[in-house]
Each structure stands twice: as structure tokens, then as C-alpha cells.
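Below is one structure, written out as C-alpha cells; comments come after it.
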Amino acid sequence: MFAIGEEEEKELYDYQKGAIDQIFERIHNKPHNYHLLYQLPTGGGKTVIFSEIVRRYIQETQKKVVVLTHRIELSKQTSKMLEEFKVKNKIINSKVKELPDQDEYMCFVAMVETLKNRLNEKKLEIDDVGLVIIDEAHYNSFRKLLSFFKNSFILGVTATPLSSNIKLPMKDNYNELVIGEAIKTLIEKGFLAKAETFTYDVGLSALKVGINGDYTVKSSEALYSNFEMQEKLLYAYEEKAKRTKTLIFNNGINTSWYVYEMFREAGYPVRHLDNTHSNKERKEILKWFKNTPDAILSSVSILTTGFDEPSVETIILNRATRSLTLYFQMIGRGSRVLPNKNKFKVIDLGNNVARFGLWSEPVDWHHIFRYPDFYLENIKDDEEIESNFVYEMPQKIREMFGKTEDVTFDIEDVYDESIKKGLRSKTVLEKSLKQHTQMCVENSEDAYDARMLAMELKDDIESRIKRYSYCISKSTKNYRDWLAEDYFRKLRMNIVKKYQ
């Protein structure tokens with residue numbers, strides 16, 4: 001009655017077989033109610049691994065298995081994969097109110113809230129459930145179900161063993177963490193695509209951190225919806241990713257709509273997707289994205305899990321995040337390999353690479369699992385990141401100042417030199433102003449042209465002011481804003497004086 005199907009096995013890679021053996025070693029030798037957490041990067045095949053575990057576990061023990069997911073798409077994908085492994089299973093979703101046929105199944109796939117309701121209603125018989133598998137285990141919604149399965153072996157699987165709630169660390173729910181193959185190794189073996197990463201410095205001082213430890217949607221919308229940031233996004237796309245299939249992640253629906261409008265007006269094939277779209281609309285948009293070679297899809301976090309489109313060539317992080325999990329999930333959407341695709345592009349417009357490191361860099365997951373507080377407390381803050389920004393004049397602007405041999409200016413060097421000579425610290429800004437004035441004048445025909453050219457130096461001026469404020473240890477935003485306004489006013493005055 002409980003046949004799992006033919007003995008023909010789905011092909012597994014060596015690292016997947018190794019992981020399965022490691023997990024079964026714990027199942028065989030640890031207490032029956034042991035809690036084990038397994039980590040494997042997005043794209044490494046976690047669902048394949050635990051589907052084979054389900055098949056083999058049922059075959060060996062004749063005990064039932066429950067697989068928990070947190071989204072309906074993941075439930076369907078998991079059920080389909082289990083079927084491929086010849087595991088007959090039943091999805092327990094909100095439509096399933098009664099379970100008269102549960103004796104016919106050895107495996108159930110369920111969403112957390114639905115299963116909790118059915119268990120409270122005593123609709124599901126769980127005495128013979130020997131194994132519970134928790135997909136995307138870093139989400140905390142699963143904790144409420146653990147009390148129902150006190151006598152079952154719990155296997156959590158995740159790409160990032162760091163709890164989504166800093167007050168509920170994963171080490172409190174799991175006895176042990178087993179680490180899978182690293183991203184770098186999976187790239188070297190050809191299982192994941194290599195990321196080419198491009199970063200653009202972004203001032204994030206306007207962002208606020210919410211109670212969940214990440215930047216608030218409200219403050220993100222204010223920053224990323226403004227014209228300057230929209231322009232930076234379009235510039236980055238056209239410089240690094242033009243005519244590639246591109247997925248853009250935003251932190252806010254309004255921002256995503258602005259992004260959509262901007263790309264549409266620029267003549268690019270673009271769609272917008274967020275969680276207010278119906279299932280029918282979502283399917284239609286994703287089908288369009290799949291079938292349109294140079295499509296751009298602007299989204300709002302909805303595609304971080306349960307979404308797999310291998311043809312994505314560019315990921316744009318048009319947002320900042322303090323969530324390591326979200327960072328890996330977003331970039332992971334572009335990491336699938338195809339016969340004609342072994343690399344993809346990542347454009348970072350949120351200083352995320354400076355905060356977390358490159359996506360493929362090694363991560364000490366054991367340390368993060370054991371000491372999450374230490375890790376979270378030591379994430380680089382925005383001020384530290386921004387203090388290391390080095391302004392590079394974009395090629396387009398550099399060409400406007402073609403008659404100037406050197407447009408660079410080392411604020412720190414000039415500051416140190418001025419202090420050694422006993423000069424006032426503002427001597428630095430005076431020397432900087434002199435250089436900027438000369439640049440505008442020697443590349444213009446008249447005072448009007450020179451003043452218009454000065455407008456192109458806005459980012460350079462802001463960068464110099466910021467570095468100067470770090471030198472004098474006085475870097476409040478209001479003070480920097482005042483300095484920048486004063487600097488620009490003096491620059492325009494200097495230009496007029498030069499022509500008079």
C-alpha cells in the first residue's frame with residue numbers, strides 16, 4: 001500500500017550523495033527527536049536532496065514524513081519534485097479541510113498555518129510521523145509547530161542559517177549544523193554561474209532601520225524614488241547590463257513602479273510585479289519575462305524564494321538590506337547555469353557588497369549559527385562604508401572636462417599637509433575650490449557655460465565634502481549639507497570673477 005514507486009533513482013551529484021549520507025548518519029545514530037540543520041547555497045539542489053531523503057527514509061523505516069514550507073509556490077514545487085522521486089504525497093493547503101484519505105499517503109507537504117489549523121482540529125494523525133523536514137528553515141513561523149512533533153527527527157534546510165528574527169536564534173531550535181558545498185566550489189564544478197559584480201557608491205544616511213533590523217520601506221522609498229537614484233539605476237543598467245535579461249529588486253512598490261515607468265519611457269521592454277498582483281497576472285508576467293530575451297522585470301522582494309528562471313542574466317539590487325539571507329536570496333536568482341550561460345552580472349546600488357562581501361566569498365556559517373548576535377552587531381554600518389568611498393568621475397562627465405589633465409583631488413593628503421604647515425583646515429576646501437573653478441573655466445567658452453558645467457560636479461563636490469568632514473571629525477548630515485551649499489555658491493562666484 002505504501003509503495004514509493006519504481007526502484008529507478010533520479011540522478012544525484014556526488015556532493016548531494018555525500019550530504020544525504022551525512023544526514024542519514026545522524027538519523028541512524030542520534031536520538032529519534034534530534035534537530036539537525038543543513039545548509040546549502042541557493043541553486044545547490046536542497047529540494048533534490050531532501051526529496052531523496054524522504055524516499056529513502058520511508059523505504060527504510062516505513063514511517064511517515066511531513067515537509068513544511070512557508071509559501072504556496074514552494075509547496076507545489078516540493079510536491080512535484082517528490083513525485084519525480086516516486087514519492088506519492090499529498091499537499092495540505094487551505095482547500096483541504098478534511099483528510100479521510102491520509103492512510104493512503106506516507107508523505108504530506110504543508111504550509112505552516114494550514115497544518116497548525118489541521119493539527120489543532122485533530123484532522124491529521126501524526127503519531128507515526130518519524131521525520132519532519134522544514135524548507136527555508138531560517139523563517140521563524142515554523143517554531144509554532146515544533147511542539148506537535150516532539151518525538152520526530154527534525155531536519156531544517158536553508159541557504160543561510162541565520163534566523164529572520166534576531167530574538168529567536170536558530171541555535172535554540174537545532175542541536176547541530178551541517179554545512180554543504182560552498183558557493184565558490186559549486187561555481188568551480190560548474191553547478192552555479194559565476195557572478196561579475198559591479199558596485200556603485202550610494203549615500204544611505206537617509207535610511208532608517210526598523211524593528212526587524214532592516215531598512216524601513218518608507219525611508220527606502222524616499223531615497224530610491226528620487227530622480228537622482230533613478231538616473232543612477234538607468235546609467236548603471238546602460239553601462240553594464242544593456243540588452244540582458246534583468247531582474248531588479250526594490251524595497252517598496254512605489255519605487256518599483258517608478259523604475260518601470262523610467263525604463264518604459266527609455267524604450268526598454270519592462271514589466272512590474274509585486275504581491276498585489278493576482279496569480280493569473282503573476283503567471284502572465286513571469287511567462288512574458290521567460291520568453292522575452294532582453295526583458296527587464298522590476299519586483300518587490302516577491303521573487304526571492306519559490307522563483308526559478310535560469311535565463312536571468314543580470315540581477316540589480318536597487319535597494320539596501322541589512323539581511324544576509326535576503327542578500328544571498330536576491331543574487332541567487334541569477335546563479336542558475338544553462339548550456340550557454342556560466343556567468344551572470346550583479347549590479348549593487350545599496351552598498352550591499354561592502355556590507356556583506358562578495359556573494360561567492362567564503363562564509364563561516366558555523367560561527368554565525370553559534371554566535372548570531374556577534375555577527376549582527378559587527379555588520380559594517382553605513383557611515384563606515386561611506387567613509388571608504390572613492391569618487392570616480394563617470395566617463396561621460398570626464399569627457400566634458402577633456403582639457404583638464406588631472407581632475408582628481410586627494411582631500412586626506414591635502415588636509416595632512418595643511419595641518420603640518422599649521423594652516424586652517426578650511427585651506428583644503430579653498431584649494432579644492434580653486435581646482436574646480438579652473439576645471440570649469442578652461443573647458444568653457446563663457447561664464448554661462450562654465451556655471452552650467454559646474455552643475456556636473458555635484459557628486460564630486462559631495463564626495464570631497466564628505467571626506468573633509470571625516471578628516472575634521474564633524475560629519476553630521478546638516479553640517480555636510482551646509483558645507484556643500486556654501487561650496488557650490490562660492491564656485492559659481494569664483495567662475496563669474498574669473499570671466500570679469
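Order determines the names: the first chain of the C-alpha cells is A, the second B, and so forth; residues in each chain are numbered 1 upward, and ligands are numbered 1 upward as they are shown.
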
What lies within 10 Å of Thr47 in chain A using only C-alpha atoms, ignoring chain neighbours under 2 positions off, as a VMD selection string? chain A and resid 43 to 45 49 to 53 74 77 to 79 81 to 82 135 157

Kindly save the residues from that selection, with N, CA and C atoms included, as a PDB file, in the first residue's frame.
```
ATOM      1  N   GLY A  43      20.408  27.172  -5.342  1.00  0.00           N
ATOM      2  CA  GLY A  43      20.848  26.609  -6.611  1.00  0.00           C
ATOM      3  C   GLY A  43      21.619  25.317  -6.452  1.00  0.00           C
ATOM      4  N   GLY A  44      21.924  24.939  -5.193  1.00  0.00           N
ATOM      5  CA  GLY A  44      22.683  23.713  -4.949  1.00  0.00           C
ATOM      6  C   GLY A  44      21.828  22.455  -4.967  1.00  0.00           C
ATOM      7  N   GLY A  45      20.511  22.639  -4.940  1.00  0.00           N
ATOM      8  CA  GLY A  45      19.597  21.483  -5.024  1.00  0.00           C
ATOM      9  C   GLY A  45      19.127  20.950  -3.687  1.00  0.00           C
ATOM     10  N   ILE A  49      17.889  17.053  -2.661  1.00  0.00           N
ATOM     11  CA  ILE A  49      18.499  16.308  -1.553  1.00  0.00           C
ATOM     12  C   ILE A  49      17.443  15.806  -0.577  1.00  0.00           C
ATOM     13  N   PHE A  50      16.556  16.706  -0.140  1.00  0.00           N
ATOM     14  CA  PHE A  50      15.600  16.224   0.871  1.00  0.00           C
ATOM     15  C   PHE A  50      14.506  15.334   0.270  1.00  0.00           C
ATOM     16  N   SER A  51      14.281  15.438  -1.053  1.00  0.00           N
ATOM     17  CA  SER A  51      13.322  14.522  -1.699  1.00  0.00           C
ATOM     18  C   SER A  51      13.867  13.095  -1.687  1.00  0.00           C
ATOM     19  N   GLU A  52      15.170  12.946  -1.956  1.00  0.00           N
ATOM     20  CA  GLU A  52      15.802  11.629  -1.893  1.00  0.00           C
ATOM     21  C   GLU A  52      15.826  11.122  -0.444  1.00  0.00           C
ATOM     22  N   ILE A  53      16.003  12.039   0.502  1.00  0.00           N
ATOM     23  CA  ILE A  53      15.977  11.646   1.922  1.00  0.00           C
ATOM     24  C   ILE A  53      14.600  11.105   2.282  1.00  0.00           C
ATOM     25  N   LEU A  74       6.183  27.158  -3.121  1.00  0.00           N
ATOM     26  CA  LEU A  74       7.172  26.172  -2.673  1.00  0.00           C
ATOM     27  C   LEU A  74       6.515  24.824  -2.397  1.00  0.00           C
ATOM     28  N   GLN A  77       6.072  23.181  -5.806  1.00  0.00           N
ATOM     29  CA  GLN A  77       7.360  22.764  -6.361  1.00  0.00           C
ATOM     30  C   GLN A  77       7.899  21.534  -5.627  1.00  0.00           C
ATOM     31  N   THR A  78       7.762  21.551  -4.300  1.00  0.00           N
ATOM     32  CA  THR A  78       8.247  20.436  -3.478  1.00  0.00           C
ATOM     33  C   THR A  78       7.471  19.161  -3.801  1.00  0.00           C
ATOM     34  N   SER A  79       6.150  19.288  -3.895  1.00  0.00           N
ATOM     35  CA  SER A  79       5.307  18.123  -4.199  1.00  0.00           C
ATOM     36  C   SER A  79       5.683  17.522  -5.556  1.00  0.00           C
ATOM     37  N   MET A  81       8.615  17.762  -7.093  1.00  0.00           N
ATOM     38  CA  MET A  81       9.925  17.123  -7.000  1.00  0.00           C
ATOM     39  C   MET A  81       9.818  15.758  -6.315  1.00  0.00           C
ATOM     40  N   LEU A  82       9.013  15.663  -5.268  1.00  0.00           N
ATOM     41  CA  LEU A  82       8.812  14.383  -4.572  1.00  0.00           C
ATOM     42  C   LEU A  82       8.212  13.341  -5.525  1.00  0.00           C
ATOM     43  N   ASP A 135      11.610  23.374   5.073  1.00  0.00           N
ATOM     44  CA  ASP A 135      12.287  24.094   3.993  1.00  0.00           C
ATOM     45  C   ASP A 135      12.377  25.576   4.364  1.00  0.00           C
ATOM     46  N   VAL A 157      16.332  22.827   6.465  1.00  0.00           N
ATOM     47  CA  VAL A 157      17.251  23.106   5.358  1.00  0.00           C
ATOM     48  C   VAL A 157      17.166  24.587   4.997  1.00  0.00           C
TER      49      VAL A 157
END
```

Determine, counting only C-alpha atoms, which protein, DNA and RNA residues have an atom within 8 Å of an atom of Leu124 in chain A; residues of the same chain fewer than 4 positions away are not included. Present the result as number ranges by chain. A: 99, 102, 118-119

Excluding range 437-439 of chain A and any residue of its chain fewer than 5 positions from it, enumerate the residues within 10 Å of it, using only C-alpha atoms, and give them as a ChimeraX atom specification. /A:400-407,431-432,444,450-451,453-454,457,490-496,498

As a list in words, list the residues of range 39-128 of chain A assigned to strand (DSSP E) by DSSP on the backbone atoms of this structure. Gln39, Lys64, Val65, Val66, Val67, Leu68, Thr69, Asn89, Lys90, Ile91, Ile92, Cys107, Phe108, Val109, Ala110 and Met111 of chain A

Quick one: pull the distance between CA of Ile397 in chain A and CA of Pro269 in chain A, Å, one decimal.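 Value for the CA of Ile397 in chain A-CA of Pro269 in chain A distance: 27.6 Å.
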
Tell me which protein, DNA and RNA residues are within 10 Å of Leu324 in chain A, counting only C-alpha atoms, leaving out same-chain ones fewer than 2 positions away, and put them as JSON, numbers by chain. {"A": [160, 161, 162, 164, 321, 322, 326, 327, 328, 329, 352, 355, 356, 376, 379]}

Quick one: contact table of range 88-159 of chain A to range 21-27 of chain A, 10 Å max, nearest atom pair and distance in Å to one decimal per residue, counting only C-alpha atoms, chain and number order, as CSV?
```
residue,atom,partner,partner_atom,distance
A:Leu131,CA,A:Ile27,CA,9.2
A:Phe153,CA,A:Ile27,CA,7.3
A:Ile154,CA,A:Ile27,CA,9.5
A:Leu155,CA,A:Ile23,CA,8.6
```

Preceding selection exported with N, CA and C atoms as an mmCIF file, in the first residue's frame:
```
data_model
loop_
_atom_site.group_PDB
_atom_site.id
_atom_site.type_symbol
_atom_site.label_atom_id
_atom_site.label_comp_id
_atom_site.auth_asym_id
_atom_site.auth_seq_id
_atom_site.Cartn_x
_atom_site.Cartn_y
_atom_site.Cartn_z
ATOM 1 N N LEU A 131 9.746 11.772 10.599
ATOM 2 C CA LEU A 131 10.660 12.802 10.100
ATOM 3 C C LEU A 131 9.863 14.032 9.657
ATOM 4 N N PHE A 153 12.202 13.277 14.273
ATOM 5 C CA PHE A 153 13.500 13.821 13.868
ATOM 6 C C PHE A 153 13.203 15.058 13.020
ATOM 7 N N ILE A 154 13.788 16.209 13.370
ATOM 8 C CA ILE A 154 13.550 17.454 12.629
ATOM 9 C C ILE A 154 14.773 17.756 11.767
ATOM 10 N N LEU A 155 14.536 17.936 10.465
ATOM 11 C CA LEU A 155 15.607 18.345 9.558
ATOM 12 C C LEU A 155 15.240 19.690 8.932
#
```

Could you write out, as a ChimeraX atom specification, all the residues of range 110-234 of chain A that DSSP marks as alpha helix (DSSP H)? /A:112-120,143-146,183-188,217-224,227-234

Distance query Glu417 in chain A at most 12 Å, only C-alpha atoms, self and fewer than 6 positions along chain excluded, as a list in words: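 Result of the neighbour search: Asp410, Ile411, Leu423, Arg424, Ser425, Thr427, Val428 and Lys431 of chain A.
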
Write the residues of the selection above to a file with C-alpha atoms, as a PDB file, in the first residue's frame.
```pdb
ATOM      1  CA  ASP A 410      43.157  63.838  -2.537  1.00  0.00           C
ATOM      2  CA  ILE A 411      41.370  65.520   0.374  1.00  0.00           C
ATOM      3  CA  LEU A 423      47.239  76.161   8.218  1.00  0.00           C
ATOM      4  CA  ARG A 424      43.491  76.265   8.857  1.00  0.00           C
ATOM      5  CA  SER A 425      41.613  73.071   7.955  1.00  0.00           C
ATOM      6  CA  THR A 427      42.506  75.614   3.391  1.00  0.00           C
ATOM      7  CA  VAL A 428      41.651  72.165   1.988  1.00  0.00           C
ATOM      8  CA  LYS A 431      42.384  74.543  -2.725  1.00  0.00           C
TER       9      LYS A 431
END
```

Å distance separating CA of Asp274 in chain A from CA of Ile92 in chain A, one decimal place: 25.6 Å

Ranking A:Asp486, A:Glu104, A:Glu83, A:Asp308 by minimum distance to Leu433 in chain A and counting only C-alpha atoms, which one comes first?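 Of A:Asp486, A:Glu104, A:Glu83, A:Asp308, the one nearest Leu433 in chain A, counting only C-alpha atoms, is A:Asp486.
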
As a list in words, please: the residues near Lys477 in chain A (cut-off 10 Å, only C-alpha atoms, same-chain neighbours under 6 positions excluded).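 Everything that qualifies: Ser205, Ala206, Lys466, Ser469 and Leu483 of chain A.
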
Quick one: write out the picked residues with C-alpha atoms as a CSV table (one decimal), in the first residue's frame?
```
chain,number,residue,atom,x,y,z
A,205,SER,CA,22.3,58.3,5.5
A,206,ALA,CA,18.6,59.0,4.9
A,466,LYS,CA,32.2,64.1,3.0
A,469,SER,CA,34.1,66.2,7.2
A,483,LEU,CA,29.2,73.0,3.5
```

Mind checking which residues fall within 7 Å of Thr69 in chain A, counting only C-alpha atoms, ignoring those fewer than 6 positions away in the same chain, and posting them as a PyMOL selection string? chain A and resi 75+110-112+134-135

From the options A:Pro41, A:Pro339, A:Gly350, A:Gly332, which residue's atoms come nearest to Leu207 in chain A, counting only C-alpha atoms? A:Gly350

From A:Lys171, A:Lys458, A:Lys10, A:Lys194, residue lying nearest Arg336 in chain A [only C-alpha atoms]: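 Under the stated criterion, the closest residue is A:Lys194.
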
Residue nearest Lys426 in chain A among A:Val414, A:Val300, A:Leu37, A:Val96 (counting only C-alpha atoms): A:Val414

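The spacing separating CA of Phe149 in chain A from CA of Val67 in chain A amounts to 12.2 Å.
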